[in-house]
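Engineer: Input protein-v4.pdb, format and content: PDB, C-alpha atoms.
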```pdb
ATOM      1  CA  MET A   1     -40.423  70.467 148.260
ATOM      2  CA  ALA A   2     -43.389  70.482 145.882
ATOM      3  CA  LEU A   3     -43.115  69.712 142.191
ATOM      4  CA  VAL A   4     -44.702  72.157 139.747
ATOM      5  CA  SER A   5     -45.133  72.155 135.986
ATOM      6  CA  ILE A   6     -43.139  74.454 133.698
ATOM      7  CA  THR A   7     -46.149  76.757 133.337
ATOM      8  CA  GLU A   8     -46.640  76.987 137.109
ATOM      9  CA  ALA A   9     -42.902  77.521 137.580
ATOM     10  CA  ALA A  10     -42.954  80.406 135.073
ATOM     11  CA  LYS A  11     -45.848  81.993 136.967
ATOM     12  CA  LEU A  12     -44.107  81.553 140.334
ATOM     13  CA  VAL A  13     -40.903  83.233 139.193
ATOM     14  CA  ARG A  14     -42.642  85.672 136.806
ATOM     15  CA  LYS A  15     -40.588  84.554 133.793
ATOM     16  CA  ASN A  16     -41.491  83.198 130.362
ATOM     17  CA  ARG A  17     -41.626  79.463 129.823
ATOM     18  CA  SER A  18     -38.819  79.836 127.294
ATOM     19  CA  THR A  19     -36.607  81.323 130.025
ATOM     20  CA  ILE A  20     -37.300  78.306 132.223
ATOM     21  CA  TYR A  21     -36.433  75.902 129.370
ATOM     22  CA  ARG A  22     -33.274  77.868 128.547
ATOM     23  CA  ASP A  23     -32.106  77.748 132.184
ATOM     24  CA  ILE A  24     -32.747  74.005 132.265
ATOM     25  CA  GLU A  25     -30.669  73.522 129.082
ATOM     26  CA  LYS A  26     -27.809  75.644 130.456
ATOM     27  CA  GLY A  27     -27.830  73.627 133.706
ATOM     28  CA  ARG A  28     -28.836  76.523 135.939
ATOM     29  CA  LEU A  29     -32.085  74.826 136.865
ATOM     30  CA  SER A  30     -32.699  71.127 137.561
ATOM     31  CA  LYS A  31     -35.772  69.347 136.310
ATOM     32  CA  THR A  32     -37.592  66.157 137.171
ATOM     33  CA  VAL A  33     -39.530  64.019 134.738
ATOM     34  CA  SER A  34     -42.675  62.396 136.126
ATOM     35  CA  PRO A  35     -43.626  58.797 135.281
ATOM     36  CA  GLU A  36     -46.149  60.241 132.822
ATOM     37  CA  GLY A  37     -43.315  62.053 131.018
ATOM     38  CA  GLU A  38     -44.224  65.551 132.245
ATOM     39  CA  THR A  39     -41.324  67.857 133.052
ATOM     40  CA  GLN A  40     -41.579  69.216 136.580
ATOM     41  CA  ILE A  41     -39.450  71.459 138.740
ATOM     42  CA  GLU A  42     -39.110  71.467 142.494
ATOM     43  CA  THR A  43     -39.992  74.757 144.128
ATOM     44  CA  SER A  44     -36.707  74.548 146.077
ATOM     45  CA  GLU A  45     -34.877  74.691 142.709
ATOM     46  CA  LEU A  46     -36.871  77.744 141.730
ATOM     47  CA  LEU A  47     -35.970  79.398 145.030
ATOM     48  CA  ARG A  48     -32.301  78.518 144.565
ATOM     49  CA  THR A  49     -32.150  79.821 141.011
ATOM     50  CA  TYR A  50     -34.476  82.828 141.032
ATOM     51  CA  GLY A  51     -34.788  83.736 144.690
ATOM     52  CA  ARG A  52     -38.237  84.727 145.862
ATOM     53  CA  LEU A  53     -41.353  83.061 144.477
ATOM     54  CA  HIS A  54     -44.344  85.206 143.500
ATOM     55  CA  THR A  55     -47.866  83.975 143.870
ATOM     56  CA  GLY A  56     -51.015  85.300 142.285
ATOM     57  CA  GLU A  57     -54.539  85.033 143.565
ATOM     58  CA  ASP A  58     -56.717  82.365 141.985
ATOM     59  CA  ASP A  59     -60.271  83.392 141.198
ATOM     60  CA  ASP A  60     -61.626  79.882 140.689
ATOM     61  CA  GLY A  61     -61.406  78.883 144.403
ATOM     62  CA  GLU A  62     -58.618  76.308 143.986
ATOM     63  CA  VAL A  63     -55.578  76.260 146.218
ATOM     64  CA  SER A  64     -53.539  79.301 145.296
ATOM     65  CA  ASP A  65     -49.902  79.152 144.305
ATOM     66  CA  LYS A  66     -49.062  80.990 147.503
ATOM     67  CA  ASP A  67     -50.723  78.245 149.508
ATOM     68  CA  LYS A  68     -48.893  75.625 147.441
ATOM     69  CA  VAL A  69     -45.595  77.258 148.298
ATOM     70  CA  LYS A  70     -46.525  77.428 151.974
ATOM     71  CA  ILE A  71     -47.514  73.775 151.902
ATOM     72  CA  ALA A  72     -44.286  72.875 150.142
ATOM     73  CA  LEU A  73     -42.248  74.796 152.701
ATOM     74  CA  LEU A  74     -44.119  73.147 155.547
ATOM     75  CA  GLU A  75     -43.563  69.725 153.990
ATOM     76  CA  GLU A  76     -39.850  70.420 153.664
ATOM     77  CA  ARG A  77     -39.698  71.619 157.261
ATOM     78  CA  ASN A  78     -41.535  68.475 158.313
ATOM     79  CA  ARG A  79     -39.012  66.270 156.478
ATOM     80  CA  SER A  80     -36.147  68.179 158.083
ATOM     81  CA  LEU A  81     -37.628  67.684 161.525
ATOM     82  CA  GLU A  82     -38.138  63.987 160.849
ATOM     83  CA  ARG A  83     -34.471  63.674 159.817
ATOM     84  CA  ALA A  84     -33.439  65.537 162.971
ATOM     85  CA  LEU A  85     -35.550  63.193 165.105
ATOM     86  CA  ALA A  86     -34.059  60.141 163.403
ATOM     87  CA  LEU A  87     -30.545  61.467 164.044
ATOM     88  CA  GLU A  88     -31.425  62.204 167.647
ATOM     89  CA  ALA A  89     -32.754  58.666 168.103
ATOM     90  CA  GLU A  90     -29.552  57.282 166.576
ATOM     91  CA  LEU A  91     -27.454  59.419 168.919
ATOM     92  CA  ARG A  92     -29.512  58.283 171.903
ATOM     93  CA  LYS A  93     -28.964  54.657 170.881
ATOM     94  CA  VAL A  94     -25.193  55.173 170.588
ATOM     95  CA  LYS A  95     -25.151  57.008 173.935
ATOM     96  CA  ASP A  96     -26.969  54.103 175.601
ATOM     97  CA  GLN A  97     -24.498  51.601 174.128
ATOM     98  CA  VAL A  98     -21.527  53.635 175.340
ATOM     99  CA  THR A  99     -23.111  54.063 178.771
ATOM    100  CA  ASN A 100     -23.699  50.316 179.092
ATOM    101  CA  GLU A 101     -20.139  49.572 178.010
ATOM    102  CA  LEU A 102     -18.741  52.047 180.521
ATOM    103  CA  ARG A 103     -20.905  50.560 183.284
ATOM    104  CA  ALA A 104     -19.589  47.087 182.455
ATOM    105  CA  ARG A 105     -16.003  48.361 182.537
ATOM    106  CA  LEU A 106     -16.663  50.036 185.879
ATOM    107  CA  ALA A 107     -18.076  46.804 187.303
ATOM    108  CA  ASP A 108     -14.998  44.915 186.055
ATOM    109  CA  LYS A 109     -12.741  47.528 187.611
ATOM    110  CA  GLU A 110     -14.548  47.248 190.946
ATOM    111  CA  SER A 111     -14.230  43.458 190.944
ATOM    112  CA  VAL A 112     -10.482  43.740 190.211
ATOM    113  CA  ILE A 113     -10.141  46.211 193.080
ATOM    114  CA  LYS A 114     -11.920  43.795 195.440
ATOM    115  CA  VAL A 115      -9.629  40.940 194.382
ATOM    116  CA  LEU A 116      -6.557  43.106 194.921
ATOM    117  CA  GLU A 117      -7.817  44.252 198.324
ATOM    118  CA  SER A 118      -8.309  40.641 199.412
ATOM    119  CA  LYS A 119      -4.781  39.746 198.228
ATOM    120  CA  VAL A 120      -3.360  42.668 200.198
ATOM    121  CA  LEU A 121      -5.232  41.451 203.283
ATOM    122  CA  PHE A 122      -3.794  37.946 202.801
ATOM    123  CA  LEU A 123      -0.289  39.364 202.461
ATOM    124  CA  GLU A 124      -0.737  41.396 205.644
ATOM    125  CA  TYR A 125      -2.032  38.293 207.417
ATOM    126  CA  ASP A 126       0.979  36.283 206.243
ATOM    127  CA  LYS A 127       3.326  38.988 207.563
ATOM    128  CA  GLN A 128       1.581  38.922 210.933
ATOM    129  CA  VAL A 129       1.827  35.123 211.106
ATOM    130  CA  GLU A 130       5.537  35.250 210.207
ATOM    131  CA  SER A 131       6.221  37.847 212.868
ATOM    132  CA  LEU A 132       4.458  35.709 215.494
ATOM    133  CA  SER A 133       6.186  32.395 214.621
ATOM    134  CA  PRO A 134       9.681  31.775 216.134
ATOM    135  CA  HIS A 135      12.564  32.387 213.794
ATOM    136  CA  HIS A 136      15.660  30.259 213.600
ATOM    137  CA  ASP A 137      18.749  32.378 214.133
ATOM    138  CA  GLU A 138      22.297  31.241 213.536
ATOM    139  CA  ASP A 139      23.156  32.372 217.053
ATOM    140  CA  ASP A 140      20.793  29.807 218.579
ATOM    141  CA  ASP A 141      23.288  26.932 218.618
ATOM    142  CA  ASP A 142      22.079  25.845 222.040
ATOM    143  CA  LYS A 143      18.640  25.071 220.561
ATOM    144  CA  ARG A 144      20.088  22.564 218.080
ATOM    145  CA  PRO A 145      19.717  18.901 219.040
ATOM    146  CA  LYS A 146      22.845  17.613 220.719
ATOM    147  CA  THR A 147      22.101  13.891 220.623
ATOM    148  CA  ASP A 148      20.821  11.509 217.979
ATOM    149  CA  GLU A 149      17.611  11.053 219.952
ATOM    150  CA  ASP A 150      16.952  14.801 219.927
ATOM    151  CA  ALA A 151      17.650  14.880 216.200
ATOM    152  CA  GLU A 152      15.372  11.902 215.674
ATOM    153  CA  SER A 153      12.560  13.528 217.609
ATOM    154  CA  ARG A 154      12.775  16.575 215.351
ATOM    155  CA  GLN A 155      12.707  14.498 212.144
ATOM    156  CA  GLY A 156       9.496  13.639 210.411
ATOM    157  CA  TRP A 157       7.890  10.271 210.998
ATOM    158  CA  TRP A 158       8.769   9.064 207.487
ATOM    159  CA  SER A 159      12.434   9.772 208.141
ATOM    160  CA  ARG A 160      12.281   7.983 211.489
ATOM    161  CA  LEU A 161      10.485   5.004 209.979
ATOM    162  CA  LEU A 162      12.965   4.645 207.138
ATOM    163  CA  HIS A 163      15.905   5.219 209.489
ATOM    164  CA  LYS A 164      14.729   2.470 211.816
ATOM    165  CA  LYS A 165      14.283   0.053 208.936
ATOM    166  CA  HIS A 166      17.738   0.824 207.595
ATOM    167  CA  GLY A 167      19.198   0.730 211.089
ATOM    168  CA  SER A 168      17.627  -2.640 211.877
ATOM    169  CA  SER A 169      18.671  -4.111 208.540
ATOM    170  CA  LEU A 170      22.202  -2.860 209.043
ATOM    171  CA  SER A 171      22.516  -4.317 212.530
ATOM    172  CA  LYS A 172      21.494  -7.781 211.359
TER
END
```
When written as structure tokens, how does the structure in this file appear?
Structural biologist:
Amino acid sequence: MALVSITEAAKLVRKNRSTIYRDIEKGRLSKTVSPEGETQIETSELLRTYGRLHTGEDDDGEVSDKDKVKIALLEERNRSLERALALEAELRKVKDQVTNELRARLADKESVIKVLESKVLFLEYDKQVESLSPHHDEDDDDKRPKTDEDAESRQGWWSRLLHKKHGSSLSK
């Protein structure tokens, strides 16, 4: 709020200057010292300590004390609104950060779901392929090769190649 001199403060609260000084000394009223060394009091302090401020009409055409108080109140309201706007901007910034983080998490979740769906499809495909391929049962003894030639034809080509080499070297 606005700063006023001790004399102006006494006029605003309709008290003697000595009362103002006494209240400052007792700690009931806070003061501010200007760079020039003048003791000043904020009108908000006067309102806090004494309640309502009284203004008189100025005859010399200057800004009246009532107008000063109105200006001070409007300035304080302006500062409050600026603080509220700054807080709102900060909240909006935090909200945007959280929203972006949640969107990224959602995208990650969707990609994991797609990967899992593809793995499930591969597993289902593998089951279908297994069910279509012939199984070897223990009861199928008649399907087992009965001769060495049948056994050889079922072996891999490496086995047959090595077997022939060993067989030919053994027969010599």
Engineer: Selected by the PyMOL selection byres ((chain A and resi 30-46) around 6) in the shown coordinates: which residues, as a PyMOL selection string?
Structural biologist: chain A and resi 1-5+29+47-50
Engineer: Just give me the gap between atom CA of Leu73 of chain A and atom CA of Leu12 of chain A in Å, one decimal is fine.
Structural biologist: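 If I compute the distance from atom CA of Leu73 of chain A to atom CA of Leu12 of chain A, I get 14.2 Å.
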Engineer: Apply the PyMOL selection byres ((chain A and resi 69) around 9) to the structure shown and report the selected residues as a list in words.
Structural biologist: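 Applied to this file, the PyMOL selection byres ((chain A and resi 69) around 9) returns Met1, Ala2, Thr43, Leu53, Thr55, Ser64, Asp65, Lys66, Asp67, Lys68, Lys70, Ile71, Ala72, Leu73 and Leu74 of chain A.
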Engineer: Could you tell me how far atom CA of Glu88 of chain A lies from atom CA of Asn100 of chain A, in Å and to one decimal?
Structural biologist: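 So the answer is 18.2 Å.
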Engineer: In Å, with one decimal, what is the gap from atom CA of Thr7 of chain A to atom CA of Thr19 of chain A?
Structural biologist: 11.1 Å
